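Source file final_11.cif; content: mmCIF, C-alpha atoms.
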```cif
data_input
loop_
_atom_site.label_atom_id
_atom_site.label_comp_id
_atom_site.auth_asym_id
_atom_site.auth_seq_id
_atom_site.Cartn_x
_atom_site.Cartn_y
_atom_site.Cartn_z
CA MET A 275 40.57 -45.97 -125.98
CA LEU A 276 43.92 -47.65 -125.67
CA GLU A 277 46.59 -45.75 -123.74
CA VAL A 278 49.98 -46.68 -125.03
CA THR A 279 53.10 -44.57 -125.14
CA PRO A 280 55.64 -44.50 -127.98
CA PHE A 281 58.22 -46.04 -125.70
CA GLN A 282 56.07 -49.12 -125.19
CA ILE A 283 55.48 -49.57 -128.92
CA VAL A 284 59.17 -49.22 -129.70
CA ILE A 285 60.24 -51.62 -126.96
CA LEU A 286 57.71 -54.24 -128.04
CA SER A 287 58.55 -54.09 -131.69
CA GLY A 288 62.28 -53.81 -131.02
CA LEU A 289 62.19 -56.84 -128.77
CA MET A 290 60.38 -58.88 -131.40
CA PHE A 291 62.80 -57.65 -134.06
CA PHE A 292 65.84 -58.68 -132.07
CA ILE A 293 64.35 -62.07 -131.23
CA GLY A 294 63.87 -62.61 -134.96
CA LEU A 295 67.37 -61.36 -135.72
CA VAL A 296 69.02 -63.63 -133.18
CA GLY A 297 66.95 -66.56 -134.46
CA PHE A 298 68.03 -65.80 -138.02
CA ILE A 299 71.70 -65.74 -137.06
CA ARG A 300 71.73 -68.73 -134.76
CA ARG A 301 69.62 -71.29 -136.55
CA SER A 302 70.99 -73.26 -139.44
CA ASN A 303 67.76 -74.71 -140.79
CA LEU A 304 66.73 -72.58 -143.76
CA ILE A 305 63.02 -72.79 -143.06
CA VAL A 306 63.42 -71.61 -139.48
CA MET A 307 65.63 -68.81 -140.77
CA LEU A 308 62.83 -67.69 -143.05
CA ILE A 309 60.38 -67.91 -140.14
CA ALA A 310 62.65 -65.60 -138.13
CA LEU A 311 62.67 -63.24 -141.11
CA GLU A 312 58.87 -63.16 -141.06
CA LEU A 313 59.09 -62.34 -137.37
CA MET A 314 61.24 -59.33 -138.21
CA PHE A 315 58.71 -58.18 -140.78
CA ASN A 316 55.93 -58.42 -138.23
CA ALA A 317 57.89 -56.48 -135.66
CA VAL A 318 58.25 -53.64 -138.15
CA ASN A 319 54.53 -53.88 -138.94
CA LEU A 320 53.70 -53.51 -135.26
CA ASN A 321 55.90 -50.44 -135.12
CA PHE A 322 54.16 -48.87 -138.09
CA VAL A 323 50.66 -49.63 -136.84
CA GLY A 324 51.48 -48.42 -133.34
CA PHE A 325 52.77 -45.09 -134.58
CA SER A 326 49.88 -44.79 -136.98
CA TYR A 327 47.63 -45.04 -133.95
CA LEU A 328 49.65 -42.57 -131.91
CA LEU A 329 49.98 -39.96 -134.64
CA ASP A 330 46.53 -40.55 -136.20
CA ASP A 331 48.19 -40.87 -139.58
CA TRP A 332 47.31 -43.19 -142.41
CA ASN A 333 50.85 -43.62 -143.67
CA GLY A 334 51.64 -46.26 -141.06
CA GLN A 335 48.82 -48.58 -141.99
CA MET A 336 49.36 -48.07 -145.71
CA PHE A 337 52.99 -49.01 -145.44
CA THR A 338 52.02 -52.02 -143.36
CA ILE A 339 49.81 -53.43 -146.05
CA PHE A 340 52.57 -53.03 -148.60
CA ILE A 341 55.01 -54.74 -146.26
CA ILE A 342 52.58 -57.67 -145.92
CA SER A 343 52.29 -58.02 -149.70
CA ILE A 344 56.01 -57.81 -150.33
CA ALA A 345 56.73 -60.23 -147.47
CA ALA A 346 54.36 -62.68 -149.13
CA CYS A 347 56.30 -62.41 -152.41
CA GLU A 348 59.59 -62.84 -150.62
CA ALA A 349 58.36 -65.88 -148.72
CA VAL A 350 57.19 -67.47 -151.96
CA ILE A 351 60.54 -66.98 -153.68
CA GLY A 352 62.50 -68.10 -150.60
CA LEU A 353 60.46 -71.27 -150.30
CA GLY A 354 60.88 -71.98 -154.01
CA ILE A 355 64.63 -71.67 -153.57
CA ILE A 356 64.48 -74.05 -150.60
CA ILE A 357 62.60 -76.63 -152.64
CA ALA A 358 65.04 -76.35 -155.53
CA LEU A 359 67.98 -76.62 -153.12
CA TYR A 360 66.46 -79.66 -151.44
CA ARG A 361 66.11 -81.38 -154.81
CA HIS A 362 69.78 -80.76 -155.50
CA ALA A 363 71.35 -81.46 -152.13
CA ALA A 364 68.73 -83.39 -150.11
CA ASN A 365 69.45 -81.07 -147.20
CA VAL A 366 68.33 -77.63 -146.02
CA GLU A 367 70.90 -76.91 -143.34
CA VAL A 368 73.13 -74.00 -144.28
CA ASP A 369 76.05 -75.57 -142.43
CA GLU A 370 75.88 -78.58 -144.73
CA VAL A 371 75.19 -77.02 -148.12
CA SER A 372 78.04 -74.58 -147.77
CA LEU A 373 80.02 -75.47 -150.93
CA LEU A 374 78.79 -73.73 -154.03
CA ARG A 375 79.93 -76.37 -156.52
CA TRP A 376 78.45 -79.62 -155.24
CA MET B 229 40.29 -53.18 -119.82
CA VAL B 230 41.58 -52.48 -123.29
CA ASN B 231 45.05 -51.89 -121.86
CA ILE B 232 45.04 -55.22 -120.04
CA LEU B 233 43.98 -56.97 -123.23
CA PHE B 234 46.73 -55.25 -125.20
CA TRP B 235 49.41 -56.35 -122.78
CA VAL B 236 48.07 -59.91 -122.54
CA PHE B 237 48.34 -60.27 -126.29
CA ALA B 238 51.71 -58.54 -126.32
CA VAL B 239 53.01 -61.17 -123.89
CA ILE B 240 51.53 -63.92 -126.07
CA ALA B 241 53.23 -62.42 -129.13
CA ILE B 242 56.63 -62.19 -127.46
CA ALA B 243 56.36 -65.71 -126.04
CA GLY B 244 55.34 -67.05 -129.44
CA SER B 245 58.25 -65.29 -131.10
CA VAL B 246 60.75 -66.69 -128.58
CA LEU B 247 59.37 -70.18 -129.16
CA ALA B 248 59.41 -69.72 -132.92
CA THR B 249 63.15 -69.15 -132.94
CA THR B 250 64.03 -71.70 -130.26
CA LEU B 251 62.17 -74.92 -130.87
CA ARG B 252 63.89 -77.80 -132.58
CA GLN B 253 61.29 -78.97 -135.04
CA PRO B 254 60.40 -76.59 -137.88
CA VAL B 255 56.71 -77.49 -137.60
CA HIS B 256 56.65 -76.28 -134.01
CA CYS B 257 58.35 -73.05 -135.04
CA ALA B 258 55.77 -72.46 -137.77
CA LEU B 259 52.88 -73.06 -135.37
CA SER B 260 54.41 -70.69 -132.80
CA LEU B 261 54.66 -68.06 -135.49
CA VAL B 262 50.97 -68.56 -136.32
CA THR B 263 50.18 -67.91 -132.64
CA THR B 264 52.32 -64.78 -132.75
CA LEU B 265 50.52 -63.58 -135.87
CA PHE B 266 47.10 -64.04 -134.29
CA ALA B 267 48.19 -62.16 -131.17
CA LEU B 268 49.63 -59.38 -133.33
CA SER B 269 46.43 -59.05 -135.31
CA VAL B 270 44.44 -58.60 -132.10
CA MET B 271 46.93 -55.90 -131.14
CA TYR B 272 46.31 -54.22 -134.49
CA LEU B 273 42.58 -54.32 -133.77
CA LEU B 274 43.16 -52.57 -130.46
CA LEU B 275 45.31 -50.02 -132.27
CA SER B 276 42.38 -49.03 -134.52
CA ALA B 277 43.69 -50.94 -137.54
CA GLU B 278 40.63 -53.04 -138.20
CA PHE B 279 41.36 -53.76 -141.83
CA LEU B 280 44.88 -54.88 -140.99
CA PHE B 281 43.52 -57.17 -138.28
CA ALA B 282 41.54 -59.05 -140.92
CA VAL B 283 44.27 -58.88 -143.57
CA GLN B 284 46.89 -60.24 -141.19
CA ILE B 285 44.74 -63.27 -140.36
CA PHE B 286 43.70 -63.93 -143.95
CA ILE B 287 46.98 -63.37 -145.71
CA TYR B 288 49.75 -63.84 -143.20
CA ALA B 289 48.42 -66.53 -140.88
CA GLY B 290 46.10 -68.16 -143.38
CA GLY B 291 48.18 -67.92 -146.54
CA ILE B 292 51.87 -67.45 -145.95
CA MET B 293 52.11 -69.76 -142.95
CA VAL B 294 50.10 -72.46 -144.70
CA LEU B 295 52.65 -72.21 -147.51
CA TYR B 296 55.46 -72.61 -145.00
CA LEU B 297 53.80 -75.69 -143.56
CA PHE B 298 53.41 -77.19 -147.02
CA VAL B 299 57.08 -76.69 -147.74
CA ILE B 300 58.05 -78.10 -144.34
CA PHE B 301 56.12 -81.26 -145.08
CA LEU B 302 57.60 -81.52 -148.56
CA VAL B 303 61.15 -80.94 -147.55
CA GLU B 304 61.85 -81.92 -143.98
CA PRO B 305 62.32 -85.28 -142.38
CA LEU B 306 60.38 -85.47 -139.17
CA ARG B 307 63.32 -85.29 -136.82
CA GLY B 308 65.21 -82.10 -136.16
CA GLN B 309 68.72 -82.15 -137.53
CA GLU B 310 70.50 -79.28 -135.93
CA ILE B 311 73.18 -80.01 -133.39
CA ALA B 312 74.97 -77.13 -131.73
CA THR B 313 78.65 -77.73 -132.26
CA GLU B 314 80.09 -74.67 -130.55
CA PRO B 315 81.44 -74.86 -127.02
CA ARG B 316 79.04 -73.79 -124.32
CA MET B 317 80.96 -70.60 -123.52
CA HIS B 318 80.61 -69.32 -127.05
CA ARG B 319 76.90 -69.84 -127.01
CA LEU B 320 76.54 -67.55 -124.01
CA VAL B 321 78.24 -64.58 -125.65
CA GLY B 322 75.09 -63.53 -127.47
CA PRO B 323 72.77 -63.41 -124.47
CA ALA B 324 75.53 -61.74 -122.41
CA VAL B 325 75.86 -58.94 -124.95
CA VAL B 326 72.09 -58.51 -124.96
CA LEU B 327 71.98 -58.28 -121.18
CA VAL B 328 74.76 -55.72 -121.10
CA PHE B 329 73.49 -53.48 -123.86
CA SER B 330 69.75 -53.60 -123.38
CA PRO B 331 69.72 -51.11 -120.44
CA VAL B 332 71.62 -48.68 -122.65
CA LEU B 333 69.14 -49.20 -125.47
CA ILE B 334 66.14 -48.85 -123.19
CA TYR B 335 67.54 -45.68 -121.70
CA ALA B 336 68.15 -44.27 -125.16
CA LEU B 337 64.67 -45.12 -126.33
CA SER B 338 62.89 -43.83 -123.27
CA GLY B 339 63.39 -40.26 -124.40
CA ILE B 340 61.05 -40.54 -127.36
CA LYS B 341 58.54 -37.74 -127.33
CA ILE B 342 55.94 -37.29 -129.95
CA ALA B 343 52.87 -35.15 -129.92
CA PRO B 344 50.10 -37.71 -129.75
CA ARG B 345 46.93 -36.45 -131.25
CA HIS B 346 44.42 -37.51 -128.68
CA GLU B 347 41.72 -35.31 -130.10
CA VAL B 348 40.05 -37.13 -132.92
CA LYS B 349 39.40 -34.96 -135.93
CA ALA B 350 35.66 -34.82 -136.40
CA PRO B 351 34.47 -33.36 -139.68
CA GLN B 352 32.26 -30.35 -139.70
CA SER B 353 29.30 -31.16 -141.87
CA VAL B 354 26.31 -33.32 -141.07
CA ALA B 355 24.70 -35.87 -143.40
CA PRO B 356 25.00 -36.29 -146.40
CA ILE B 357 28.68 -37.13 -146.13
CA LYS B 358 31.17 -35.37 -148.29
CA LEU B 359 34.03 -37.42 -149.66
CA GLU B 360 36.63 -34.82 -148.76
CA GLU B 361 35.53 -34.83 -145.14
CA VAL B 362 35.72 -38.60 -144.92
CA LEU B 363 39.17 -38.62 -146.43
CA GLN B 364 40.43 -36.24 -143.83
CA LEU B 365 39.71 -38.63 -141.00
CA GLY B 366 42.68 -40.25 -139.40
CA PRO B 367 42.62 -43.97 -138.70
CA ARG B 368 41.56 -43.44 -135.12
CA GLY B 369 38.84 -41.09 -136.19
CA ALA B 370 37.49 -43.45 -138.79
CA SER B 371 36.99 -46.18 -136.18
CA ASP B 372 35.48 -43.94 -133.56
CA PRO B 373 31.69 -44.31 -133.27
CA ALA B 374 31.37 -40.81 -131.82
CA VAL B 375 32.87 -39.37 -134.97
CA ARG B 376 30.60 -41.45 -137.11
CA LYS B 377 27.62 -40.17 -135.15
CA ALA B 378 28.83 -36.65 -135.77
CA ILE B 379 28.98 -37.21 -139.49
CA VAL B 380 25.66 -38.92 -140.01
CA GLY B 381 22.95 -39.49 -137.47
CA ALA B 382 22.81 -42.87 -135.77
CA ASN B 383 19.70 -43.76 -137.75
CA ASP B 384 21.23 -43.18 -141.15
CA PRO B 385 21.88 -46.38 -143.12
CA SER B 386 25.33 -45.17 -144.10
CA PHE B 387 26.36 -45.02 -140.43
CA ARG B 388 27.75 -48.53 -140.66
CA ASP B 389 29.58 -47.71 -143.83
CA ILE B 390 32.19 -45.36 -142.49
CA GLY B 391 34.91 -47.15 -140.68
CA ASN B 392 38.54 -47.96 -140.87
CA THR B 393 38.09 -50.28 -143.83
CA LYS B 394 36.13 -47.84 -145.96
CA VAL B 395 38.48 -44.95 -145.46
CA PHE B 396 41.44 -47.31 -145.88
CA GLY B 397 40.04 -48.36 -149.24
CA LEU B 398 39.39 -44.79 -150.27
CA LYS B 399 42.93 -43.81 -149.39
CA LEU B 400 44.46 -46.87 -151.04
CA PHE B 401 42.81 -46.20 -154.38
CA THR B 402 43.32 -42.45 -154.46
CA LYS B 403 46.43 -41.33 -152.69
CA TYR B 404 48.34 -44.62 -152.61
CA LEU B 405 47.35 -45.92 -156.03
CA PHE B 406 50.83 -45.96 -157.51
CA PRO B 407 52.40 -48.22 -154.83
CA PHE B 408 49.34 -50.45 -155.15
CA GLU B 409 49.96 -50.94 -158.87
CA ILE B 410 53.66 -51.51 -158.30
CA VAL B 411 52.85 -54.17 -155.70
CA SER B 412 50.64 -55.96 -158.19
CA VAL B 413 53.54 -56.11 -160.65
CA VAL B 414 55.82 -57.43 -157.90
CA LEU B 415 53.28 -60.13 -157.07
CA LEU B 416 53.18 -61.17 -160.72
CA VAL B 417 56.96 -61.38 -160.88
CA ALA B 418 57.04 -63.42 -157.67
CA MET B 419 54.53 -65.84 -159.14
CA LEU B 420 56.66 -66.26 -162.26
CA GLY B 421 59.72 -66.80 -160.11
CA ALA B 422 57.98 -69.48 -158.09
CA ILE B 423 56.88 -71.30 -161.25
CA VAL B 424 60.39 -71.24 -162.67
CA LEU B 425 61.98 -72.36 -159.41
CA GLY B 426 59.55 -75.20 -158.94
CA ARG B 427 60.20 -76.94 -162.22
CA LYS B 428 61.81 -80.37 -162.19
CA ARG B 429 63.67 -80.12 -165.44
CA PHE B 430 65.56 -76.98 -166.27
CA SER B 431 65.48 -77.36 -170.03
CA SER B 432 62.45 -77.47 -172.22
CA TYR B 433 63.48 -80.76 -173.77
CA SER B 434 62.62 -84.07 -172.20
CA GLU B 435 65.26 -86.55 -171.12
CA GLU B 436 64.99 -88.66 -174.26
CA GLU B 437 65.27 -85.62 -176.50
CA GLU B 438 68.34 -84.41 -174.66
CA ALA B 439 69.98 -87.83 -174.90
CA GLN B 440 69.24 -87.89 -178.62
CA MET B 441 70.81 -84.46 -179.06
CA LEU B 442 73.86 -85.52 -177.09
CA ALA B 443 74.24 -88.66 -179.21
CA GLU B 444 74.10 -86.59 -182.36
CA ALA B 445 76.67 -84.16 -181.00
CA HIS B 446 78.96 -87.05 -180.14
CA TYR B 447 78.55 -88.44 -183.63
CA HIS B 448 79.49 -85.16 -185.23
CA THR B 449 82.52 -84.62 -183.07
CA SER B 450 83.68 -88.18 -183.68
CA ARG B 451 85.03 -87.04 -187.07
CA ILE B 452 87.66 -85.06 -185.17
CA ALA B 453 88.49 -87.31 -182.26
CA PRO B 454 87.64 -90.91 -181.46
CA PHE B 455 84.87 -91.56 -179.00
CA SER B 456 83.26 -94.58 -177.49
CA GLY B 457 80.29 -94.61 -179.84
CA GLU B 458 77.51 -94.49 -177.30
CA THR B 459 74.00 -94.64 -178.50
CA ALA B 460 71.23 -92.44 -177.19
CA ALA B 461 70.10 -95.12 -174.77
CA GLU B 462 73.55 -95.42 -173.25
CA ILE B 463 73.84 -91.66 -172.84
CA LEU B 464 70.43 -91.62 -171.18
CA ALA B 465 71.53 -94.29 -168.74
CA GLU B 466 74.66 -92.31 -168.01
CA LEU B 467 72.67 -89.13 -167.40
CA ARG B 468 70.39 -90.97 -165.03
CA SER B 469 73.26 -92.37 -163.04
CA ASP B 470 74.76 -88.90 -162.66
CA ASP B 471 72.51 -88.29 -159.65
CA GLU B 472 74.43 -90.86 -157.68
CA ARG B 473 77.70 -89.16 -158.51
CA GLN B 474 76.83 -86.22 -156.27
CA HIS B 475 76.59 -88.42 -153.23
CA LYS B 476 79.87 -90.20 -153.91
CA GLY B 477 81.70 -86.90 -154.11
CA PRO B 478 83.63 -85.13 -156.81
CA GLY B 479 85.93 -87.08 -159.07
CA SER B 480 84.39 -90.46 -158.35
CA ASP B 481 83.70 -91.05 -162.03
CA PHE B 482 87.15 -90.09 -163.23
CA LYS B 483 88.63 -92.69 -165.56
CA VAL B 484 92.05 -92.68 -167.09
CA VAL B 485 91.68 -92.78 -170.87
CA PRO B 486 94.79 -93.11 -173.01
CA ASP B 487 94.86 -90.76 -175.95
CA TYR B 488 96.85 -92.97 -178.29
CA GLU B 489 96.00 -96.16 -180.11
CA GLU B 490 97.38 -99.30 -178.54
#
```
Could I get this structure in the form of structure tokens?
Amino acid sequence: MLEVTPFQIVILSGLMFFIGLVGFIRRSNLIVMLIALELMFNAVNLNFVGFSYLLDDWNGQMFTIFIISIAACEAVIGLGIIIALYRHAANVEVDEVSLLRW
Amino acid sequence: MVNILFWVFAVIAIAGSVLATTLRQPVHCALSLVTTLFALSVMYLLLSAEFLFAVQIFIYAGGIMVLYLFVIFLVEPLRGQEIATEPRMHRLVGPAVVLVFSPVLIYALSGIKIAPRHEVKAPQSVAPIKLEEVLQLGPRGASDPAVRKAIVGANDPSFRDIGNTKVFGLKLFTKYLFPFEIVSVVLLVAMLGAIVLGRKRFSSYSEEEEAQMLAEAHYHTSRIAPFSGETAAEILAELRSDDERQHKGPGSDFKVVPDYEE
């Protein structure tokens, strides 16, 4: 039986969330930004599953599976946008494709 | 033993996440994220989420990340392109803020108190199992072999049946049915969106048909104002050379045309 306290779960998932957040803000490559977004989703999943374990409640795991499904949809749409943008501008750096008209 | 394993995989997950946001090449970032996802799924297994352990590996690591890798190979040149253009002092502001505020955050979070339910709810009846009793198990109870022994004897063939996955499925299709149906609609919409975004041509007509329509439109408007009398083939050639115009910049195809007859 795993002995883990709520503080440990929150620190772990918070640390992963902030690593993803900083990566999202600092990187300019769109694909790496989406990867950092997935990292944030997984940090939240860890939080939910950890508290589902600690409180012996099904709501945490249920919400986690819905987060995984919706994150899959969002990744699909984001990657489709990246492909369409690459066809238009031949570049996926947000610093370069910063003008809306061309 | 279980605690050591949990912390080993927690360290692997954090290290993978740091690498995923730091490495130069996008392929390396994607592979670090796959490592993080595997470590996280083992942590879910240790947290009595057996179904999510499998789902995370199948769907997240084996589906979504494969999709990312496909797009990276379609889109990226093999060298990393990002160059940090800020001065070095500016780049240290972020980590400095983190170092200053993280003790405050940790102190604030250390006061979390919940009432952890260490006693696992074991149902009262013996075999045969009643559905209501199974549904009242929490996730920790559903994975606990002692609870399963209490429900049915160890020799009963349905002993293997009760587990996290079975009760998860029962809950998903009874209590959480409505979000499940909504998620299926969202998945359908996402699929439609991906199909629309992935198309090469944004109109339903082909290039030749569009050029023909443009030539006809030019012909009809020539009754009002003079035009250069391009045929469909010339318009098609002009449309095809428009792609180069984007790289030469705006206004590179501007021509001065006098509006009177010489």
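Residues lying within 7 Å of segment 343-358 of chain A, counting all atoms listed in the file and ignoring same-chain neighbours fewer than 6 positions away, are Val366 of chain A; Ile292, Val299, Val303, Leu415, Ala418, Gly421, Ala422, Leu425 and Gly426 of chain B.
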Q. What is the distance, in Å and to one decimal place, between atom CA of Leu329 of chain A and atom CA of Phe281 of chain A?
A. 13.6 Å
Q | For Ala258 of chain B, the nearest of the candidates A:Val306, A:Ser372, A:Tyr360, A:Trp332, counting only C-alpha atoms | A |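 Closest to Ala258 of chain B, using only C-alpha atoms: A:Val306.
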Q: Run the PyMOL selection byres ((chain B and resi 304) around 12) on the file and write out the hits as an MDAnalysis selection string.
A: (chainID A and resid 303:306 356:357 360:361 364:367) or (chainID B and resid 253:255 296:303 305:309)
Print the selection's residues with C-alpha atoms to a file, as an mmCIF file, in the frame of the given file.
```cif
data_model
loop_
_atom_site.group_PDB
_atom_site.id
_atom_site.type_symbol
_atom_site.label_atom_id
_atom_site.label_comp_id
_atom_site.auth_asym_id
_atom_site.auth_seq_id
_atom_site.Cartn_x
_atom_site.Cartn_y
_atom_site.Cartn_z
ATOM 1 C CA ASN A 303 67.760 -74.710 -140.790
ATOM 2 C CA LEU A 304 66.730 -72.580 -143.760
ATOM 3 C CA ILE A 305 63.020 -72.790 -143.060
ATOM 4 C CA VAL A 306 63.420 -71.610 -139.480
ATOM 5 C CA ILE A 356 64.480 -74.050 -150.600
ATOM 6 C CA ILE A 357 62.600 -76.630 -152.640
ATOM 7 C CA TYR A 360 66.460 -79.660 -151.440
ATOM 8 C CA ARG A 361 66.110 -81.380 -154.810
ATOM 9 C CA ALA A 364 68.730 -83.390 -150.110
ATOM 10 C CA ASN A 365 69.450 -81.070 -147.200
ATOM 11 C CA VAL A 366 68.330 -77.630 -146.020
ATOM 12 C CA GLU A 367 70.900 -76.910 -143.340
ATOM 13 C CA GLN B 253 61.290 -78.970 -135.040
ATOM 14 C CA PRO B 254 60.400 -76.590 -137.880
ATOM 15 C CA VAL B 255 56.710 -77.490 -137.600
ATOM 16 C CA TYR B 296 55.460 -72.610 -145.000
ATOM 17 C CA LEU B 297 53.800 -75.690 -143.560
ATOM 18 C CA PHE B 298 53.410 -77.190 -147.020
ATOM 19 C CA VAL B 299 57.080 -76.690 -147.740
ATOM 20 C CA ILE B 300 58.050 -78.100 -144.340
ATOM 21 C CA PHE B 301 56.120 -81.260 -145.080
ATOM 22 C CA LEU B 302 57.600 -81.520 -148.560
ATOM 23 C CA VAL B 303 61.150 -80.940 -147.550
ATOM 24 C CA PRO B 305 62.320 -85.280 -142.380
ATOM 25 C CA LEU B 306 60.380 -85.470 -139.170
ATOM 26 C CA ARG B 307 63.320 -85.290 -136.820
ATOM 27 C CA GLY B 308 65.210 -82.100 -136.160
ATOM 28 C CA GLN B 309 68.720 -82.150 -137.530
#
```
Q) Quick one: of A:Glu370, A:Leu276, A:Phe315, A:Asn321, who's nearest to chain B, counting all atoms listed in the file? A) A:Leu276
Q: Please indicate the distance in Å from atom CA of Ala445 of chain B to atom CA of Val424 of chain B, rounded to one decimal place.
A: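 So the two atoms, atom CA of Ala445 of chain B and atom CA of Val424 of chain B, lie 27.7 Å apart.
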Q: Apply the PyMOL selection byres ((chain A and resi 311-313) around 8) to the structure shown and report the selected residues as a list in words.
A: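 On the file shown, the PyMOL selection byres ((chain A and resi 311-313) around 8) covers Met290, Phe291, Gly294, Leu295, Phe298, Met307, Leu308, Ile309, Ala310, Met314, Phe315, Asn316, Ala317 and Ala345 of chain A; Ser245 and Leu261 of chain B.
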Only C-alpha atoms, please: the residues just picked out, written as a PDB file, in the frame of the given file.
```pdb
ATOM      1  CA  MET A 290      60.380 -58.880-131.400  1.00  0.00           C
ATOM      2  CA  PHE A 291      62.800 -57.650-134.060  1.00  0.00           C
ATOM      3  CA  GLY A 294      63.870 -62.610-134.960  1.00  0.00           C
ATOM      4  CA  LEU A 295      67.370 -61.360-135.720  1.00  0.00           C
ATOM      5  CA  PHE A 298      68.030 -65.800-138.020  1.00  0.00           C
ATOM      6  CA  MET A 307      65.630 -68.810-140.770  1.00  0.00           C
ATOM      7  CA  LEU A 308      62.830 -67.690-143.050  1.00  0.00           C
ATOM      8  CA  ILE A 309      60.380 -67.910-140.140  1.00  0.00           C
ATOM      9  CA  ALA A 310      62.650 -65.600-138.130  1.00  0.00           C
ATOM     10  CA  MET A 314      61.240 -59.330-138.210  1.00  0.00           C
ATOM     11  CA  PHE A 315      58.710 -58.180-140.780  1.00  0.00           C
ATOM     12  CA  ASN A 316      55.930 -58.420-138.230  1.00  0.00           C
ATOM     13  CA  ALA A 317      57.890 -56.480-135.660  1.00  0.00           C
ATOM     14  CA  ALA A 345      56.730 -60.230-147.470  1.00  0.00           C
TER      15      ALA A 345
ATOM     16  CA  SER B 245      58.250 -65.290-131.100  1.00  0.00           C
ATOM     17  CA  LEU B 261      54.660 -68.060-135.490  1.00  0.00           C
TER      18      LEU B 261
END
```
Could you work out an axis-aligned box for segment 321-340 of chain A, taking every atom the file lists and adding 3 Å on each side, and report centre and edge lengths in Å to one decimal, as JSON?
```
{"center_x": 51.2, "center_y": -46.7, "center_z": -140.3, "size_x": 15.4, "size_y": 19.5, "size_z": 22.7}
```
Please, which residues in chain A fall within 8 Å of segment 267-274 of chain B when counting all atoms listed in the file, and what is the closest atom pair and distance in Å to one decimal for each, ordered by chain then residue number, as CSV?
```
residue,atom,partner,partner_atom,distance
A:Leu276,CA,B:Leu274,CA,6.9
A:Leu320,CA,B:Leu268,CA,7.4
A:Val323,CA,B:Tyr272,CA,6.7
A:Gly324,CA,B:Tyr272,CA,7.9
```
**Q.** Residues within 8 Å of Ser276 of chain B, only C-alpha atoms, excluding chain neighbours under 4 positions, as a VMD selection string
**A.** (chain A and resid 327) or (chain B and resid 272 367 to 368 371 392)
(Q) Would you compute the distance between atom CA of Phe279 of chain B and atom CA of Val417 of chain B? Give it in Å to one decimal. (A) 25.8 Å
Because the input lacks atoms here, generate N, CA and C atoms for segment 269-282 of chain B and report them as a short mmCIF file (atom, residue, chain, number, x, y, z; two decimals), in the frame of the given file.
```cif
data_model
loop_
_atom_site.label_atom_id
_atom_site.label_comp_id
_atom_site.auth_asym_id
_atom_site.auth_seq_id
_atom_site.Cartn_x
_atom_site.Cartn_y
_atom_site.Cartn_z
N SER B 269 47.59 -59.63 -134.63
CA SER B 269 46.43 -59.05 -135.31
C SER B 269 45.42 -58.51 -134.30
N VAL B 270 45.31 -59.17 -133.14
CA VAL B 270 44.44 -58.60 -132.10
C VAL B 270 45.01 -57.27 -131.61
N MET B 271 46.34 -57.18 -131.53
CA MET B 271 46.93 -55.90 -131.14
C MET B 271 46.66 -54.83 -132.17
N TYR B 272 46.65 -55.21 -133.47
CA TYR B 272 46.31 -54.22 -134.49
C TYR B 272 44.87 -53.76 -134.32
N LEU B 273 43.98 -54.69 -133.97
CA LEU B 273 42.58 -54.32 -133.77
C LEU B 273 42.45 -53.31 -132.65
N LEU B 274 43.21 -53.52 -131.57
CA LEU B 274 43.16 -52.57 -130.46
C LEU B 274 43.81 -51.25 -130.82
N LEU B 275 44.68 -51.25 -131.84
CA LEU B 275 45.31 -50.02 -132.27
C LEU B 275 44.56 -49.38 -133.42
N SER B 276 43.27 -49.64 -133.52
CA SER B 276 42.38 -49.03 -134.52
C SER B 276 42.79 -49.35 -135.94
N ALA B 277 43.36 -50.52 -136.17
CA ALA B 277 43.69 -50.94 -137.54
C ALA B 277 42.84 -52.15 -137.85
N GLU B 278 41.56 -51.91 -138.08
CA GLU B 278 40.63 -53.04 -138.20
C GLU B 278 40.85 -53.81 -139.49
N PHE B 279 41.13 -53.08 -140.57
CA PHE B 279 41.36 -53.76 -141.83
C PHE B 279 42.61 -54.63 -141.75
N LEU B 280 43.65 -54.11 -141.09
CA LEU B 280 44.88 -54.88 -140.99
C LEU B 280 44.73 -56.09 -140.09
N PHE B 281 43.84 -56.01 -139.11
CA PHE B 281 43.52 -57.17 -138.28
C PHE B 281 43.01 -58.31 -139.16
N ALA B 282 42.08 -58.00 -140.06
CA ALA B 282 41.54 -59.05 -140.92
C ALA B 282 42.57 -59.50 -141.95
#
```
